[in-house]
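Engineer: Next comes upload.cif, mmCIF, C-alpha atoms, pLDDT in the B column; chains and numbers go by the auth columns:
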```
data_final
loop_
_atom_site.group_PDB
_atom_site.id
_atom_site.type_symbol
_atom_site.label_atom_id
_atom_site.label_comp_id
_atom_site.label_asym_id
_atom_site.label_seq_id
_atom_site.Cartn_x
_atom_site.Cartn_y
_atom_site.Cartn_z
_atom_site.B_iso_or_equiv
_atom_site.auth_seq_id
_atom_site.auth_asym_id
ATOM 1 C CA MET A 1 68.848 43.833 24.033 96.00 1 A
ATOM 2 C CA ILE A 2 72.521 43.590 23.038 97.00 2 A
ATOM 3 C CA ARG A 3 72.745 41.424 19.922 98.00 3 A
ATOM 4 C CA ILE A 4 75.942 39.411 19.577 98.00 4 A
ATOM 5 C CA VAL A 5 77.704 37.347 16.905 98.00 5 A
ATOM 6 C CA LEU A 6 80.365 34.909 18.159 97.00 6 A
ATOM 7 C CA ALA A 7 83.292 33.634 16.079 97.00 7 A
ATOM 8 C CA GLU A 8 85.432 30.830 17.476 96.00 8 A
ATOM 9 C CA ASP A 9 86.841 27.786 15.692 95.00 9 A
ATOM 10 C CA GLN A 10 86.770 25.505 18.763 94.00 10 A
ATOM 11 C CA ARG A 11 83.205 24.231 18.884 93.00 11 A
ATOM 12 C CA MET A 12 83.120 23.498 22.597 94.00 12 A
ATOM 13 C CA MET A 13 84.365 27.002 23.383 93.00 13 A
ATOM 14 C CA LEU A 14 81.848 28.481 20.933 95.00 14 A
ATOM 15 C CA GLY A 15 78.973 26.572 22.579 95.00 15 A
ATOM 16 C CA ALA A 16 80.099 27.466 26.111 94.00 16 A
ATOM 17 C CA LEU A 17 80.475 31.155 25.257 94.00 17 A
ATOM 18 C CA GLY A 18 77.061 31.206 23.598 95.00 18 A
ATOM 19 C CA SER A 19 75.354 29.584 26.595 95.00 19 A
ATOM 20 C CA LEU A 20 77.137 31.900 29.008 93.00 20 A
ATOM 21 C CA LEU A 21 76.066 35.074 27.201 95.00 21 A
ATOM 22 C CA ASP A 22 72.504 33.844 26.639 94.00 22 A
ATOM 23 C CA LEU A 23 72.140 33.661 30.439 94.00 23 A
ATOM 24 C CA GLU A 24 72.505 37.442 30.620 94.00 24 A
ATOM 25 C CA GLU A 25 69.084 39.132 30.608 95.00 25 A
ATOM 26 C CA ASP A 26 70.169 41.956 28.304 96.00 26 A
ATOM 27 C CA MET A 27 72.112 39.856 25.754 97.00 27 A
ATOM 28 C CA GLU A 28 71.209 37.575 22.878 97.00 28 A
ATOM 29 C CA VAL A 29 73.571 35.551 20.675 97.00 29 A
ATOM 30 C CA VAL A 30 72.161 35.915 17.141 98.00 30 A
ATOM 31 C CA GLY A 31 74.870 34.028 15.237 97.00 31 A
ATOM 32 C CA LYS A 32 77.813 31.665 15.703 97.00 32 A
ATOM 33 C CA ALA A 33 80.713 31.358 13.257 97.00 33 A
ATOM 34 C CA GLY A 34 83.586 28.887 13.023 96.00 34 A
ATOM 35 C CA ASN A 35 85.920 31.188 11.065 96.00 35 A
ATOM 36 C CA GLY A 36 86.480 34.821 10.093 96.00 36 A
ATOM 37 C CA GLU A 37 84.685 34.578 6.748 96.00 37 A
ATOM 38 C CA GLU A 38 81.524 33.217 8.381 97.00 38 A
ATOM 39 C CA ALA A 39 81.780 35.953 11.000 97.00 39 A
ATOM 40 C CA ILE A 40 81.762 38.689 8.344 97.00 40 A
ATOM 41 C CA ALA A 41 78.782 37.046 6.593 97.00 41 A
ATOM 42 C CA LEU A 42 76.827 36.769 9.879 97.00 42 A
ATOM 43 C CA VAL A 43 77.545 40.404 10.762 97.00 43 A
ATOM 44 C CA GLU A 44 76.231 41.498 7.359 96.00 44 A
ATOM 45 C CA LYS A 45 73.159 39.263 7.774 97.00 45 A
ATOM 46 C CA HIS A 46 72.206 39.981 11.410 97.00 46 A
ATOM 47 C CA GLN A 47 73.621 43.510 11.902 97.00 47 A
ATOM 48 C CA PRO A 48 74.552 42.776 15.549 98.00 48 A
ATOM 49 C CA ASP A 49 75.687 45.349 18.129 98.00 49 A
ATOM 50 C CA ILE A 50 78.838 43.384 18.908 97.00 50 A
ATOM 51 C CA VAL A 51 80.935 40.649 17.330 98.00 51 A
ATOM 52 C CA ILE A 52 83.271 38.663 19.586 97.00 52 A
ATOM 53 C CA MET A 53 86.115 36.933 17.755 96.00 53 A
ATOM 54 C CA ASP A 54 89.015 34.646 18.395 95.00 54 A
ATOM 55 C CA ILE A 55 92.205 35.507 16.460 93.00 55 A
ATOM 56 C CA GLU A 56 93.509 32.249 15.087 91.00 56 A
ATOM 57 C CA MET A 57 90.724 30.816 12.942 94.00 57 A
ATOM 58 C CA PRO A 58 90.685 29.151 9.508 92.00 58 A
ATOM 59 C CA LEU A 59 89.964 30.965 6.180 92.00 59 A
ATOM 60 C CA LYS A 60 90.195 34.396 7.773 93.00 60 A
ATOM 61 C CA SER A 61 91.723 35.185 11.148 94.00 61 A
ATOM 62 C CA GLY A 62 89.864 37.332 13.667 95.00 62 A
ATOM 63 C CA LEU A 63 92.228 40.206 12.830 94.00 63 A
ATOM 64 C CA ASP A 64 91.574 39.874 9.080 95.00 64 A
ATOM 65 C CA ALA A 65 87.840 39.881 9.802 97.00 65 A
ATOM 66 C CA ALA A 66 88.196 42.894 12.136 96.00 66 A
ATOM 67 C CA GLU A 67 90.037 44.803 9.385 95.00 67 A
ATOM 68 C CA ALA A 68 87.329 43.851 6.880 96.00 68 A
ATOM 69 C CA LEU A 69 84.627 45.108 9.298 96.00 69 A
ATOM 70 C CA LYS A 70 86.473 48.312 10.225 92.00 70 A
ATOM 71 C CA ASP A 71 83.808 50.584 8.725 91.00 71 A
ATOM 72 C CA HIS A 72 80.871 48.523 9.994 93.00 72 A
ATOM 73 C CA PRO A 73 78.895 50.096 12.871 95.00 73 A
ATOM 74 C CA CYS A 74 79.057 46.947 15.035 96.00 74 A
ATOM 75 C CA LYS A 75 81.673 46.921 17.788 97.00 75 A
ATOM 76 C CA ILE A 76 84.399 44.282 17.735 97.00 76 A
ATOM 77 C CA ILE A 77 85.861 42.428 20.692 97.00 77 A
ATOM 78 C CA ILE A 78 88.873 40.179 20.227 95.00 78 A
ATOM 79 C CA LEU A 79 88.842 37.313 22.742 94.00 79 A
ATOM 80 C CA THR A 80 92.047 35.296 22.539 89.00 80 A
ATOM 81 C CA THR A 81 94.705 33.335 24.399 87.00 81 A
ATOM 82 C CA PHE A 82 97.441 35.321 22.638 75.00 82 A
ATOM 83 C CA ALA A 83 98.907 38.308 24.441 75.00 83 A
ATOM 84 C CA ARG A 84 101.164 39.330 21.548 76.00 84 A
ATOM 85 C CA SER A 85 102.011 42.954 20.995 75.00 85 A
ATOM 86 C CA GLY A 86 101.842 42.591 17.202 78.00 86 A
ATOM 87 C CA TYR A 87 98.326 41.184 17.356 85.00 87 A
ATOM 88 C CA PHE A 88 97.293 43.918 19.772 86.00 88 A
ATOM 89 C CA GLU A 89 98.772 46.610 17.527 82.00 89 A
ATOM 90 C CA ARG A 90 96.907 45.256 14.477 87.00 90 A
ATOM 91 C CA ALA A 91 93.675 45.017 16.460 90.00 91 A
ATOM 92 C CA ARG A 92 94.002 48.624 17.607 88.00 92 A
ATOM 93 C CA LYS A 93 94.653 49.807 14.046 89.00 93 A
ATOM 94 C CA ALA A 94 91.530 47.904 12.957 92.00 94 A
ATOM 95 C CA GLY A 95 89.590 49.912 15.540 93.00 95 A
ATOM 96 C CA VAL A 96 88.489 47.065 17.817 96.00 96 A
ATOM 97 C CA SER A 97 86.627 48.141 20.944 96.00 97 A
ATOM 98 C CA GLY A 98 87.991 45.389 23.164 95.00 98 A
ATOM 99 C CA TYR A 99 90.899 42.966 23.348 94.00 99 A
ATOM 100 C CA LEU A 100 90.389 40.454 26.134 93.00 100 A
ATOM 101 C CA LEU A 101 92.227 37.312 27.154 90.00 101 A
ATOM 102 C CA LYS A 102 90.439 33.973 27.517 89.00 102 A
ATOM 103 C CA ASP A 103 91.888 33.358 30.956 85.00 103 A
ATOM 104 C CA SER A 104 89.932 36.309 32.401 82.00 104 A
ATOM 105 C CA PRO A 105 86.990 35.418 34.697 80.00 105 A
ATOM 106 C CA SER A 106 83.818 34.727 32.675 77.00 106 A
ATOM 107 C CA GLU A 107 81.768 37.451 34.421 81.00 107 A
ATOM 108 C CA ASP A 108 84.319 39.992 33.128 88.00 108 A
ATOM 109 C CA LEU A 109 83.137 39.351 29.582 92.00 109 A
ATOM 110 C CA ALA A 110 79.515 40.425 30.176 93.00 110 A
ATOM 111 C CA THR A 111 80.704 43.491 32.125 94.00 111 A
ATOM 112 C CA SER A 112 83.132 44.386 29.327 95.00 112 A
ATOM 113 C CA ILE A 113 80.376 44.044 26.710 96.00 113 A
ATOM 114 C CA ARG A 114 78.166 46.511 28.611 96.00 114 A
ATOM 115 C CA THR A 115 81.051 48.948 29.093 96.00 115 A
ATOM 116 C CA ILE A 116 81.909 48.781 25.369 97.00 116 A
ATOM 117 C CA MET A 117 78.239 49.358 24.477 97.00 117 A
ATOM 118 C CA ASP A 118 78.513 52.564 26.534 96.00 118 A
ATOM 119 C CA GLY A 119 81.174 53.732 24.093 95.00 119 A
ATOM 120 C CA ARG A 120 84.328 52.847 25.993 95.00 120 A
ATOM 121 C CA ARG A 121 87.249 50.607 24.953 94.00 121 A
ATOM 122 C CA ILE A 122 88.642 47.779 27.049 93.00 122 A
ATOM 123 C CA TYR A 123 92.090 46.242 26.609 90.00 123 A
ATOM 124 C CA ALA A 124 93.580 43.539 28.844 87.00 124 A
ATOM 125 C CA PRO A 125 96.121 45.324 31.102 82.00 125 A
ATOM 126 C CA GLU A 126 98.974 42.947 30.196 77.00 126 A
ATOM 127 C CA LEU A 127 98.599 43.960 26.537 77.00 127 A
ATOM 128 C CA VAL A 128 98.980 47.632 27.246 69.00 128 A
ATOM 129 C CA ASP A 129 102.286 46.895 29.027 70.00 129 A
ATOM 130 C CA LEU A 130 103.401 44.736 26.102 67.00 130 A
ATOM 131 C CA ALA A 131 102.538 47.365 23.519 63.00 131 A
ATOM 132 C CA TYR A 132 104.735 49.944 25.179 64.00 132 A
ATOM 133 C CA ALA A 133 107.596 47.537 25.776 64.00 133 A
ATOM 134 C CA ASP A 134 107.665 46.475 22.158 67.00 134 A
ATOM 135 C CA ALA A 135 107.714 49.515 19.904 74.00 135 A
ATOM 136 C CA ASN A 136 108.946 49.316 16.311 83.00 136 A
ATOM 137 C CA PRO A 137 112.680 50.187 16.438 88.00 137 A
ATOM 138 C CA LEU A 138 112.831 51.237 12.770 91.00 138 A
ATOM 139 C CA THR A 139 112.635 54.813 11.522 91.00 139 A
ATOM 140 C CA GLU A 140 109.908 55.819 9.069 90.00 140 A
ATOM 141 C CA ARG A 141 112.323 55.392 6.141 93.00 141 A
ATOM 142 C CA GLU A 142 113.627 52.011 7.368 94.00 142 A
ATOM 143 C CA SER A 143 110.038 50.813 7.769 93.00 143 A
ATOM 144 C CA GLN A 144 109.357 51.926 4.196 94.00 144 A
ATOM 145 C CA VAL A 145 112.331 49.867 2.967 96.00 145 A
ATOM 146 C CA MET A 146 111.099 46.948 5.095 95.00 146 A
ATOM 147 C CA GLU A 147 107.643 47.122 3.440 93.00 147 A
ATOM 148 C CA LEU A 148 109.255 46.996 -0.012 96.00 148 A
ATOM 149 C CA ILE A 149 111.425 44.023 1.009 95.00 149 A
ATOM 150 C CA ALA A 150 108.244 42.252 2.148 94.00 150 A
ATOM 151 C CA ASP A 151 106.672 43.012 -1.252 94.00 151 A
ATOM 152 C CA GLY A 152 109.496 40.944 -2.773 95.00 152 A
ATOM 153 C CA LYS A 153 111.306 43.884 -4.347 95.00 153 A
ATOM 154 C CA SER A 154 115.020 43.579 -5.124 95.00 154 A
ATOM 155 C CA THR A 155 117.660 46.049 -3.908 96.00 155 A
ATOM 156 C CA LYS A 156 117.674 47.619 -7.377 96.00 156 A
ATOM 157 C CA GLU A 157 113.860 47.974 -7.460 96.00 157 A
ATOM 158 C CA ILE A 158 113.793 49.500 -3.957 96.00 158 A
ATOM 159 C CA ALA A 159 116.486 52.010 -4.989 96.00 159 A
ATOM 160 C CA LYS A 160 114.491 52.972 -8.076 95.00 160 A
ATOM 161 C CA GLU A 161 111.215 53.348 -6.155 94.00 161 A
ATOM 162 C CA LEU A 162 112.742 55.494 -3.381 94.00 162 A
ATOM 163 C CA PHE A 163 115.084 57.465 -5.690 95.00 163 A
ATOM 164 C CA ILE A 164 118.214 56.408 -3.791 95.00 164 A
ATOM 165 C CA THR A 165 121.309 54.406 -4.741 95.00 165 A
ATOM 166 C CA THR A 166 121.575 50.623 -4.373 95.00 166 A
ATOM 167 C CA GLY A 167 124.422 51.241 -1.895 94.00 167 A
ATOM 168 C CA THR A 168 122.092 53.289 0.303 95.00 168 A
ATOM 169 C CA VAL A 169 119.474 50.519 0.124 95.00 169 A
ATOM 170 C CA ARG A 170 122.116 47.975 1.212 95.00 170 A
ATOM 171 C CA ASN A 171 123.026 50.222 4.144 95.00 171 A
ATOM 172 C CA TYR A 172 119.354 50.446 5.147 95.00 172 A
ATOM 173 C CA ILE A 173 118.967 46.666 4.932 95.00 173 A
ATOM 174 C CA SER A 174 122.076 46.134 7.050 94.00 174 A
ATOM 175 C CA VAL A 175 120.743 48.570 9.714 94.00 175 A
ATOM 176 C CA ILE A 176 117.294 46.906 9.607 95.00 176 A
ATOM 177 C CA LEU A 177 118.731 43.400 10.147 95.00 177 A
ATOM 178 C CA ASP A 178 120.871 44.775 12.959 94.00 178 A
ATOM 179 C CA LYS A 179 117.991 46.554 14.730 93.00 179 A
ATOM 180 C CA LEU A 180 115.654 43.572 14.370 92.00 180 A
ATOM 181 C CA GLU A 181 118.449 41.219 15.508 91.00 181 A
ATOM 182 C CA VAL A 182 117.932 38.832 12.575 94.00 182 A
ATOM 183 C CA GLY A 183 120.255 37.259 10.016 94.00 183 A
ATOM 184 C CA ASN A 184 118.448 37.781 6.706 95.00 184 A
ATOM 185 C CA ARG A 185 115.500 39.386 4.898 94.00 185 A
ATOM 186 C CA ILE A 186 113.174 36.404 5.397 94.00 186 A
ATOM 187 C CA GLU A 187 113.696 36.459 9.184 94.00 187 A
ATOM 188 C CA ALA A 188 113.234 40.236 9.174 94.00 188 A
ATOM 189 C CA ILE A 189 109.890 39.959 7.351 93.00 189 A
ATOM 190 C CA SER A 190 108.771 37.195 9.690 90.00 190 A
ATOM 191 C CA LYS A 191 109.683 39.156 12.857 88.00 191 A
ATOM 192 C CA PHE A 192 108.183 42.386 11.535 87.00 192 A
ATOM 193 C CA LYS A 193 104.956 40.539 10.728 83.00 193 A
ATOM 194 C CA GLU A 194 104.795 38.724 14.074 78.00 194 A
ATOM 195 C CA LYS A 195 105.185 42.017 15.943 77.00 195 A
ATOM 196 C CA GLY A 196 102.403 43.581 13.887 74.00 196 A
ATOM 197 C CA TRP A 197 104.571 46.454 12.644 80.00 197 A
ATOM 198 C CA PHE A 198 103.480 46.346 9.011 77.00 198 A
ATOM 199 C CA LYS A 199 101.089 49.212 8.256 70.00 199 A
#
```
Could you take the file, read its structure, and then write that structure out as structure tokens?
Structural biologist:
Amino acid sequence: MIRIVLAEDQRMMLGALGSLLDLEEDMEVVGKAGNGEEAIALVEKHQPDIVIMDIEMPLKSGLDAAEALKDHPCKIIILTTFARSGYFERARKAGVSGYLLKDSPSEDLATSIRTIMDGRRIYAPELVDLAYADANPLTERESQVMELIADGKSTKEIAKELFITTGTVRNYISVILDKLEVGNRIEAISKFKEKGWFK
């Protein structure tokens, strides 16, 4: 029997998903959560084979929960309406076994669960295309500067931490804004975050 925990903040969707999976002879829904924090607690409590999570949930998003459960033996499937490359990238780094879109046919979900239980990974095809189309344009060093900007460090502090001059930091920042096609640091952080390029 494949034991499943579901996490979805829309109650109707949560109920429908639960009923759908309970109809499968080899599956049993052992817990239902309305947010990422509850999902983590239910996984710890029930030790399921699989946890299926939405991304955008209160308290902790599905991606935050997936990162928190990275070292847990249960397999994680993200089931979402969002085909965003940044989300997909974060999910992959968190080691999720599946990333499926909610507009897929319902029978695909049960099939995907069985395939994932056999040790394979399943990603919605449109996400794979997106991931390759949307690679981080920054070099390793520029990404490093970007991380420090996001940490709220000033030009002077970044220079000190990376052992370079403030002029060099300014040059990096100018190149970063240019490559990301944004007007200031705040927009750069926001775009970098949305794309899922932060390590």
Engineer: Rounded to one decimal place, report the CA of Asp151 in chain A-CA of Lys70 in chain A distance in Å.
Structural biologist: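 Computed distance, CA of Asp151 in chain A to CA of Lys70 in chain A, equals 23.8 Å.
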Engineer: Of the residues A:Met12, A:Leu17, A:Ala66, A:Ile186, which is the one nearest to Ala110 in chain A, using only C-alpha atoms?
Structural biologist: A:Leu17
Engineer: Spell out the residues picked by the PyMOL selection byres ((chain A and resi 113-128) around 7) here, as a list in words.
Structural biologist: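 When the PyMOL selection byres ((chain A and resi 113-128) around 7) is applied to the shown file, the picked residues are Ala83, Ser85, Phe88, Ser97, Gly98, Tyr99, Leu100, Leu101, Leu109, Ala110, Thr111, Ser112, Asp129, Leu130, Ala131 and Tyr132 of chain A.
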Engineer: Under the rule that only C-alpha atoms are counted, which of A:Met146, A:Ile158, A:Ile78, A:Ile50 is the nearest residue to Gly62 in chain A?
Structural biologist: A:Ile78
Engineer: For range 41-43 of chain A, please output as an MDAnalysis selection string all residues within 12 Å (counting only C-alpha atoms; exclusion window: fewer than 6 positions along the same chain).
Structural biologist: chainID A and resid 3:7 29:35 49:53 60 65:66 68:70 72:76
Engineer: Mind checking which residues fall within 12 Å of Glu140 in chain A, counting all atoms listed in the file, ignoring those fewer than 5 positions away in the same chain, and posting them as a list in words?
Structural biologist: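 Non-adjacent residues within range: Val145, Met146, Glu147, Tyr172, Ile176, Trp197, Phe198 and Lys199 of chain A.
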Engineer: Give, as lines of an AutoDock Vina configuration file, the centre coordinates and the x, y and z edge lengths in Å to one decimal for an axis-aligned box around all listed atoms of range 12-31 of chain A, padded by 5 Å on each side.
Structural biologist:
```
center_x = 76.7
center_y = 32.7
center_z = 22.9
size_x = 25.3
size_y = 28.5
size_z = 25.4
```
Engineer: How far is it from CA of Asp103 in chain A to CA of Leu59 in chain A, in Å with one decimal?
Structural biologist: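 Computed distance, CA of Asp103 in chain A to CA of Leu59 in chain A, equals 25.0 Å.
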